[in-house]
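**Q** I have a structure here, written as structure tokens, and I will follow up with some questions on it.
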Amino acid sequence: MRFAGKVAVITGAASGIGKAAVLKLAAEGAHVFAADIDEAGGEAVAAASNGRIDFIRCDVTRADDIEALMNAAAVRGGGIDILFNNAAAAGDRAPIDEITPEGWDRTMDLVLKSVAMGIRYASPHMKGRRGAAIVNTASVAALGAGYSPTAYAVAKAGVLHLTKVAATDLARYGIRVNAICPGFINTNIFTSSLEVPDAHKEQAKAVIADMSAGAQPVARGGQPDDIANAVAYLASEEASFMTGTHMLVDGGLTIGQRHAWDPEAPGLFDALVAMEDAARAGAPA
Ligand code: NAI
């Protein structure tokens, strides 16, 4: 019961990582205000609880919605101890030579500005509260190319830097700010933006689950609970000496090149050894 007596606000709470974090913090004693644009999904998460979870509808691209969310949580909960800025989606999928200004802005609003405004409107309610902690969802996409669409990757890199800068702004109030960088996690994020019928989405989810199992050195698909466990740690007193940094929870996805851990994916060194073997066997060059 690490969060007994604590009040938490979690965005993107109706699905995936956010939902897992809501259930984890509530199970450990927090009163959780679960926010999402998906009302049916959010109400279902709250209904499954023992009264410790309240759903509040919030579109994180709207600063007025975020301000209302934080004010409501603070009034009903008596303040805010934990904020998990987690809601996002893939955003505009165009490469940099094709993206429109509108697509760029829409993605920045959803993925980066939402986190900034979450901190902006929650922090006045967190000042001076013992153990106050903010966790922002960044991504492996913040650390390198090839994990996501371009605008999303840039916005997530912004989330990482925002985390550092906000940690300095808020240290004087005793508020810690950290980020989590998930790897490839089995959630709806890969299919929610697909413009295909639901039956196709189910097929796509099966393909993604299969791909995720072999995508990294740890030989299983990443699950929302893998991230929720790390978020709970960062939000807890156990992490009280951590601020302005991030935790990478990716099953080793970003360790290095695939051939380093996958015997089915030979790299340059394997090719050289094969050449050596062939030369020893007397094969022509
Ligand atoms: P998900 O699609 O399962 O959940 C995202 C939730 O955010 C949904 O409930 C959705 O309704 C909500 N949401 C979307 N737009 C919103 C808005 N404007 N206002 C309020 N709520 C909104 O996806 P997942 O994977 O759980 O994503 C959670 C976070 O994790 C996101 O920030 C995502 O970028 C990040 N992430 C996910 C990874 C993965 O492999 N699944 C990898 C790295 C980062």
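Chain lettering (A, B, ...) mirrors the order of the structure tokens, residue numbering begins at 1 for each chain separately, and ligand numbering begins at 1 in order of display.
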Show me which residues are within 8 Å of ligand 1 counting only C-alpha atoms and all ligand atoms, and format the list as a CSV table (one decimal) with N, CA, C and O atoms, in the first residue's frame.

**A**
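Final file, part.csv:
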chain,number,residue,atom,x,y,z
A,11,THR,N,-3.7,10.4,-17.0
A,11,THR,CA,-4.4,10.7,-18.2
A,11,THR,C,-4.1,9.5,-19.2
A,11,THR,O,-3.1,8.7,-19.0
A,12,GLY,N,-5.0,9.4,-20.2
A,12,GLY,CA,-4.9,8.2,-21.1
A,12,GLY,C,-5.3,6.9,-20.3
A,12,GLY,O,-4.7,5.9,-20.5
A,13,ALA,N,-6.3,7.1,-19.4
A,13,ALA,CA,-6.5,6.1,-18.4
A,13,ALA,C,-7.5,5.0,-18.8
A,13,ALA,O,-7.7,4.0,-18.1
A,14,ALA,N,-8.0,5.1,-20.0
A,14,ALA,CA,-9.1,4.1,-20.4
A,14,ALA,C,-8.5,2.9,-21.1
A,14,ALA,O,-9.2,1.9,-21.3
A,15,SER,N,-7.2,2.9,-21.4
A,15,SER,CA,-6.6,1.8,-22.2
A,15,SER,C,-5.1,1.6,-21.9
A,15,SER,O,-4.5,2.5,-21.3
A,16,GLY,N,-4.6,0.5,-22.2
A,16,GLY,CA,-3.2,0.2,-22.2
A,16,GLY,C,-2.4,0.6,-20.9
A,16,GLY,O,-2.8,0.2,-19.8
A,17,ILE,N,-1.3,1.4,-21.1
A,17,ILE,CA,-0.4,1.7,-20.0
A,17,ILE,C,-1.1,2.5,-18.9
A,17,ILE,O,-1.0,2.3,-17.7
A,18,GLY,N,-1.9,3.5,-19.4
A,18,GLY,CA,-2.7,4.3,-18.4
A,18,GLY,C,-3.6,3.5,-17.5
A,18,GLY,O,-3.6,3.7,-16.3
A,19,LYS,N,-4.3,2.6,-18.2
A,19,LYS,CA,-5.3,1.8,-17.4
A,19,LYS,C,-4.5,0.9,-16.4
A,19,LYS,O,-5.0,0.8,-15.3
A,35,ALA,N,-8.4,10.0,-16.2
A,35,ALA,CA,-8.9,10.9,-17.3
A,35,ALA,C,-8.6,10.4,-18.6
A,35,ALA,O,-7.6,9.8,-18.9
A,36,ASP,N,-9.6,10.6,-19.5
A,36,ASP,CA,-9.4,10.1,-20.9
A,36,ASP,C,-10.5,10.8,-21.7
A,36,ASP,O,-11.5,11.3,-21.2
A,37,ILE,N,-10.3,10.8,-23.0
A,37,ILE,CA,-11.3,11.2,-24.0
A,37,ILE,C,-12.3,10.2,-24.2
A,37,ILE,O,-13.4,10.5,-24.7
A,38,ASP,N,-12.0,8.9,-24.0
A,38,ASP,CA,-12.9,7.8,-24.2
A,38,ASP,C,-13.7,7.6,-22.9
A,38,ASP,O,-13.3,7.0,-21.9
A,41,GLY,N,-14.8,3.8,-22.1
A,41,GLY,CA,-13.6,3.0,-21.6
A,41,GLY,C,-13.2,3.5,-20.2
A,41,GLY,O,-12.9,2.7,-19.3
A,42,GLY,N,-13.2,4.8,-20.0
A,42,GLY,CA,-12.9,5.4,-18.7
A,42,GLY,C,-13.9,5.0,-17.6
A,42,GLY,O,-13.5,4.6,-16.5
A,57,ARG,N,-13.8,13.0,-17.8
A,57,ARG,CA,-13.5,13.2,-19.2
A,57,ARG,C,-12.6,14.4,-19.4
A,57,ARG,O,-12.8,15.4,-18.8
A,58,CYS,N,-11.6,14.1,-20.2
A,58,CYS,CA,-10.6,15.2,-20.5
A,58,CYS,C,-9.9,15.0,-21.8
A,58,CYS,O,-9.4,13.9,-22.1
A,59,ASP,N,-10.0,16.0,-22.7
A,59,ASP,CA,-9.2,15.9,-23.9
A,59,ASP,C,-7.9,16.7,-23.7
A,59,ASP,O,-8.0,17.9,-23.5
A,60,VAL,N,-6.8,16.0,-23.7
A,60,VAL,CA,-5.5,16.6,-23.3
A,60,VAL,C,-5.0,17.6,-24.3
A,60,VAL,O,-4.0,18.3,-24.1
A,61,THR,N,-5.7,17.7,-25.5
A,61,THR,CA,-5.3,18.8,-26.4
A,61,THR,C,-5.9,20.1,-26.1
A,61,THR,O,-5.7,21.1,-26.7
A,62,ARG,N,-6.8,20.1,-25.0
A,62,ARG,CA,-7.5,21.3,-24.6
A,62,ARG,C,-7.0,21.7,-23.2
A,62,ARG,O,-7.3,21.0,-22.2
A,85,ASN,N,1.3,11.9,-16.6
A,85,ASN,CA,0.9,12.5,-17.9
A,85,ASN,C,1.2,11.5,-19.0
A,85,ASN,O,2.3,11.4,-19.4
A,86,ASN,N,0.2,10.8,-19.4
A,86,ASN,CA,0.4,9.6,-20.2
A,86,ASN,C,-0.4,9.6,-21.5
A,86,ASN,O,0.1,8.9,-22.5
A,87,ALA,N,-1.4,10.3,-21.6
A,87,ALA,CA,-2.3,10.2,-22.8
A,87,ALA,C,-1.5,10.6,-24.1
A,87,ALA,O,-0.8,11.6,-24.0
A,88,ALA,N,-1.6,9.9,-25.1
A,88,ALA,CA,-1.1,10.3,-26.5
A,88,ALA,C,-1.6,9.3,-27.5
A,88,ALA,O,-2.2,8.3,-27.2
A,89,ALA,N,-1.3,9.6,-28.7
A,89,ALA,CA,-1.5,8.7,-29.8
A,89,ALA,C,-0.4,8.9,-30.9
A,89,ALA,O,0.4,9.8,-30.6
A,90,ALA,N,-0.4,8.2,-31.9
A,90,ALA,CA,0.7,8.2,-32.9
A,90,ALA,C,0.8,9.5,-33.6
A,90,ALA,O,1.9,9.9,-34.0
A,110,LEU,N,-0.9,17.2,-29.0
A,110,LEU,CA,-1.4,15.9,-28.4
A,110,LEU,C,-0.3,15.3,-27.5
A,110,LEU,O,-0.5,14.8,-26.4
A,111,VAL,N,1.0,15.3,-28.0
A,111,VAL,CA,2.0,14.5,-27.4
A,111,VAL,C,2.9,15.3,-26.4
A,111,VAL,O,3.3,14.8,-25.4
A,137,THR,N,5.0,10.2,-19.7
A,137,THR,CA,5.3,9.1,-20.7
A,137,THR,C,6.1,9.6,-21.9
A,137,THR,O,5.5,10.4,-22.7
A,138,ALA,N,7.3,9.3,-22.0
A,138,ALA,CA,8.1,9.6,-23.2
A,138,ALA,C,8.1,8.3,-24.1
A,138,ALA,O,7.0,7.6,-24.2
A,139,SER,N,9.2,7.8,-24.6
A,139,SER,CA,9.2,6.7,-25.4
A,139,SER,C,10.6,6.3,-25.9
A,139,SER,O,11.5,7.2,-25.8
A,140,VAL,N,10.9,5.1,-26.3
A,140,VAL,CA,12.1,4.8,-27.0
A,140,VAL,C,12.3,5.7,-28.2
A,140,VAL,O,13.4,6.0,-28.6
A,141,ALA,N,11.2,6.2,-28.8
A,141,ALA,CA,11.2,7.1,-29.9
A,141,ALA,C,11.9,8.4,-29.6
A,141,ALA,O,12.3,9.1,-30.5
A,152,TYR,N,5.9,12.5,-33.9
A,152,TYR,CA,5.7,11.9,-32.6
A,152,TYR,C,7.1,11.7,-31.9
A,152,TYR,O,7.2,12.0,-30.7
A,156,LYS,N,8.1,13.4,-28.4
A,156,LYS,CA,8.5,12.6,-27.2
A,156,LYS,C,9.9,13.0,-26.7
A,156,LYS,O,10.2,13.0,-25.5
A,181,CYS,N,10.3,5.7,-20.4
A,181,CYS,CA,10.5,5.4,-21.8
A,181,CYS,C,10.1,4.0,-22.1
A,181,CYS,O,10.9,3.1,-22.0
A,182,PRO,N,8.8,3.7,-22.5
A,182,PRO,CA,8.5,2.4,-22.8
A,182,PRO,C,9.1,1.9,-24.2
A,182,PRO,O,9.2,2.8,-25.1
A,183,GLY,N,9.3,0.6,-24.3
A,183,GLY,CA,9.7,0.1,-25.6
A,183,GLY,C,8.4,-0.3,-26.3
A,183,GLY,O,7.4,0.5,-26.4
A,184,PHE,N,8.4,-1.5,-26.9
A,184,PHE,CA,7.3,-2.0,-27.7
A,184,PHE,C,6.3,-2.7,-26.8
A,184,PHE,O,6.5,-3.8,-26.4
A,185,ILE,N,5.2,-2.0,-26.5
A,185,ILE,CA,4.2,-2.5,-25.5
A,185,ILE,C,2.9,-2.8,-26.2
A,185,ILE,O,2.4,-2.0,-26.9
A,186,ASN,N,2.4,-4.0,-25.9
A,186,ASN,CA,1.1,-4.4,-26.5
A,186,ASN,C,-0.1,-3.6,-26.0
A,186,ASN,O,-0.6,-3.9,-25.0
A,187,THR,N,-0.5,-2.6,-26.8
A,187,THR,CA,-1.6,-1.8,-26.4
A,187,THR,C,-2.4,-1.5,-27.7
A,187,THR,O,-2.0,-1.9,-28.8
A,188,ASN,N,-3.4,-0.7,-27.6
A,188,ASN,CA,-4.2,-0.3,-28.8
A,188,ASN,C,-3.6,0.8,-29.6
A,188,ASN,O,-4.1,1.2,-30.6
A,189,ILE,N,-2.4,1.3,-29.2
A,189,ILE,CA,-1.9,2.5,-29.8
A,189,ILE,C,-1.6,2.3,-31.3
A,189,ILE,O,-1.7,3.2,-32.1
A,190,PHE,N,-1.2,1.1,-31.6
A,190,PHE,CA,-0.8,0.8,-33.0
A,190,PHE,C,-2.0,0.7,-33.9
A,190,PHE,O,-1.9,0.9,-35.1
A,191,THR,N,-3.1,0.3,-33.4
A,191,THR,CA,-4.3,0.1,-34.3
A,191,THR,C,-5.4,1.2,-34.1
A,191,THR,O,-6.2,1.4,-35.0
A,192,SER,N,-5.3,2.0,-33.0
A,192,SER,CA,-6.4,3.0,-32.8
A,192,SER,C,-6.5,4.0,-33.9
A,192,SER,O,-7.6,4.5,-34.2
A,222,GLY,N,6.2,-6.9,-24.7
A,222,GLY,CA,6.0,-6.0,-23.5
A,222,GLY,C,4.6,-5.8,-23.2
A,222,GLY,O,3.7,-5.6,-24.1
A,224,PRO,N,1.4,-3.7,-20.7
A,224,PRO,CA,1.2,-2.5,-19.9
A,224,PRO,C,1.7,-2.6,-18.5
A,224,PRO,O,2.2,-1.6,-17.9

**Q** Please identify the helix (DSSP H, G or I) residues within region 106-226 of chain A (assignment by DSSP from backbone atoms) and present them as a ChimeraX atom specification.

**A** /A:106-125,140-142,150-173,189-192,198-213,224-226

**Q** Go ahead and save the picked residues with C-alpha atoms, as a JSON list (two decimals), in the first residue's frame.

**A**
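Writing the result to result_6.json gives the following:
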[["chain", "number", "residue", "atom", "x", "y", "z"],
["A", 106, "ARG", "CA", -1.76, 18.56, -34.00],
["A", 107, "THR", "CA", 0.91, 16.03, -33.01],
["A", 108, "MET", "CA", 2.82, 18.50, -30.84],
["A", 109, "ASP", "CA", -0.41, 19.52, -29.09],
["A", 110, "LEU", "CA", -1.37, 15.92, -28.36],
["A", 111, "VAL", "CA", 2.04, 14.50, -27.40],
["A", 112, "LEU", "CA", 4.04, 17.43, -25.95],
["A", 113, "LYS", "CA", 1.88, 20.44, -25.10],
["A", 114, "SER", "CA", -0.53, 18.12, -23.25],
["A", 115, "VAL", "CA", 2.28, 17.12, -20.88],
["A", 116, "ALA", "CA", 3.41, 20.73, -20.37],
["A", 117, "MET", "CA", -0.14, 21.83, -19.60],
["A", 118, "GLY", "CA", -0.67, 18.84, -17.31],
["A", 119, "ILE", "CA", 2.31, 19.95, -15.25],
["A", 120, "ARG", "CA", 1.23, 23.60, -15.48],
["A", 121, "TYR", "CA", -2.23, 23.01, -14.05],
["A", 122, "ALA", "CA", -1.46, 20.20, -11.58],
["A", 123, "SER", "CA", 1.65, 21.67, -9.96],
["A", 124, "PRO", "CA", -0.14, 24.48, -8.04],
["A", 125, "HIS", "CA", -2.12, 21.72, -6.30],
["A", 140, "VAL", "CA", 12.15, 4.84, -26.99],
["A", 141, "ALA", "CA", 11.19, 7.07, -29.93],
["A", 142, "ALA", "CA", 12.64, 9.97, -27.93],
["A", 150, "THR", "CA", 8.68, 11.62, -37.20],
["A", 151, "ALA", "CA", 6.53, 14.25, -35.46],
["A", 152, "TYR", "CA", 5.73, 11.87, -32.57],
["A", 153, "ALA", "CA", 9.43, 11.09, -32.08],
["A", 154, "VAL", "CA", 10.32, 14.78, -31.91],
["A", 155, "ALA", "CA", 7.46, 15.47, -29.49],
["A", 156, "LYS", "CA", 8.54, 12.60, -27.23],
["A", 157, "ALA", "CA", 12.12, 13.94, -27.23],
["A", 158, "GLY", "CA", 10.53, 17.20, -26.11],
["A", 159, "VAL", "CA", 8.80, 15.34, -23.28],
["A", 160, "LEU", "CA", 12.21, 14.12, -22.08],
["A", 161, "HIS", "CA", 13.68, 17.62, -22.07],
["A", 162, "LEU", "CA", 10.54, 19.10, -20.52],
["A", 163, "THR", "CA", 10.96, 16.52, -17.76],
["A", 164, "LYS", "CA", 14.44, 17.83, -16.94],
["A", 165, "VAL", "CA", 13.52, 21.49, -17.08],
["A", 166, "ALA", "CA", 10.30, 21.06, -15.10],
["A", 167, "ALA", "CA", 12.25, 19.11, -12.48],
["A", 168, "THR", "CA", 14.44, 22.19, -11.95],
["A", 169, "ASP", "CA", 11.48, 24.60, -11.86],
["A", 170, "LEU", "CA", 9.58, 22.47, -9.34],
["A", 171, "ALA", "CA", 12.40, 21.20, -7.09],
["A", 172, "ARG", "CA", 11.93, 24.19, -4.78],
["A", 173, "TYR", "CA", 8.36, 23.02, -4.12],
["A", 189, "ILE", "CA", -1.90, 2.54, -29.82],
["A", 190, "PHE", "CA", -0.78, 0.79, -33.01],
["A", 191, "THR", "CA", -4.31, 0.11, -34.25],
["A", 192, "SER", "CA", -6.37, 2.97, -32.81],
["A", 198, "ASP", "CA", -12.75, -3.29, -36.43],
["A", 199, "ALA", "CA", -12.30, -6.86, -37.74],
["A", 200, "HIS", "CA", -9.12, -5.76, -39.50],
["A", 201, "LYS", "CA", -7.95, -4.06, -36.32],
["A", 202, "GLU", "CA", -8.24, -7.35, -34.45],
["A", 203, "GLN", "CA", -6.12, -9.02, -37.15],
["A", 204, "ALA", "CA", -3.59, -6.21, -36.92],
["A", 205, "LYS", "CA", -3.43, -6.61, -33.12],
["A", 206, "ALA", "CA", -2.58, -10.30, -33.54],
["A", 207, "VAL", "CA", 0.21, -9.44, -35.98],
["A", 208, "ILE", "CA", 1.56, -6.79, -33.58],
["A", 209, "ALA", "CA", 1.45, -9.18, -30.61],
["A", 210, "ASP", "CA", 3.43, -11.69, -32.66],
["A", 211, "MET", "CA", 5.97, -9.08, -33.78],
["A", 212, "SER", "CA", 6.39, -7.68, -30.27],
["A", 213, "ALA", "CA", 7.39, -11.09, -28.90],
["A", 224, "PRO", "CA", 1.19, -2.50, -19.91],
["A", 225, "ASP", "CA", 1.98, -3.83, -16.42],
["A", 226, "ASP", "CA", 5.71, -3.75, -17.23]]

**Q** May I ask for the distance between CA of Ala215 (chain A) and CA of Gly252 (chain A), given in Å to one decimal place?

**A**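 Taking CA of Ala215 (chain A) as the start and CA of Gly252 (chain A) as the end point, the length is 9.2 Å.
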
**Q** Which of these, A:Leu234, A:Ala40, A:Ala26, A:Val45, has the shortest distance to Ala133 (chain A) once you count only C-alpha atoms?

**A**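 Checking each of A:Leu234, A:Ala40, A:Ala26, A:Val45 against Ala133 (chain A), counting only C-alpha atoms, the winner is A:Leu234.
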
**Q** Which one is closest to Glu28 (chain A): A:Ser240, A:Asn229, A:Thr245, A:Thr254? Count only C-alpha atoms.

**A**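 Counting only C-alpha atoms, the residue closest to Glu28 (chain A) is A:Asn229.
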
**Q** Using only C-alpha atoms, which residues sit within 9 Å of Ala4 (chain A) once same-chain residues fewer than 3 positions away are excluded, as a PyMOL selection string?

**A** chain A and resi 1+7+26+28-31

**Q** Could you state the separation of CA of Asp64 (chain A) and CA of Ile10 (chain A) in Å, given to one decimal place?

**A** 16.6 Å

**Q** Near Ile180 (chain A), within 8 Å and counting only C-alpha atoms, which residues show up once chain neighbours fewer than 2 positions away are dropped, as JSON, numbers by chain?

**A** {"A": [135, 136, 137, 138, 139, 178, 182, 227, 230, 231, 246, 247, 248, 249]}

**Q** Quick one: distance from CA of Ala232 (chain A) to CA of Asp250 (chain A) in Å, one decimal?

**A** 16.4 Å

**Q** Counting only C-alpha atoms, which residue out of A:Ser148, A:Arg280, A:Ser236, A:Ala219 sits closest to Ala94 (chain A)?

**A** A:Ser148

**Q** Just checking: using only C-alpha atoms, which residue out of A:Gly251, A:Gly244, A:Gly128, A:Gly77 ends up closest to Arg52 (chain A)?

**A**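 Result for the nearest residue to Arg52 (chain A): A:Gly77.
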
**Q** Please report, as a ChimeraX atom specification, each residue of region 77-274 of chain A to which DSSP assigns strand (DSSP E or B) when run on this structure's backbone.

**A** /A:82-85,133-137,176-182,185,222,246-249
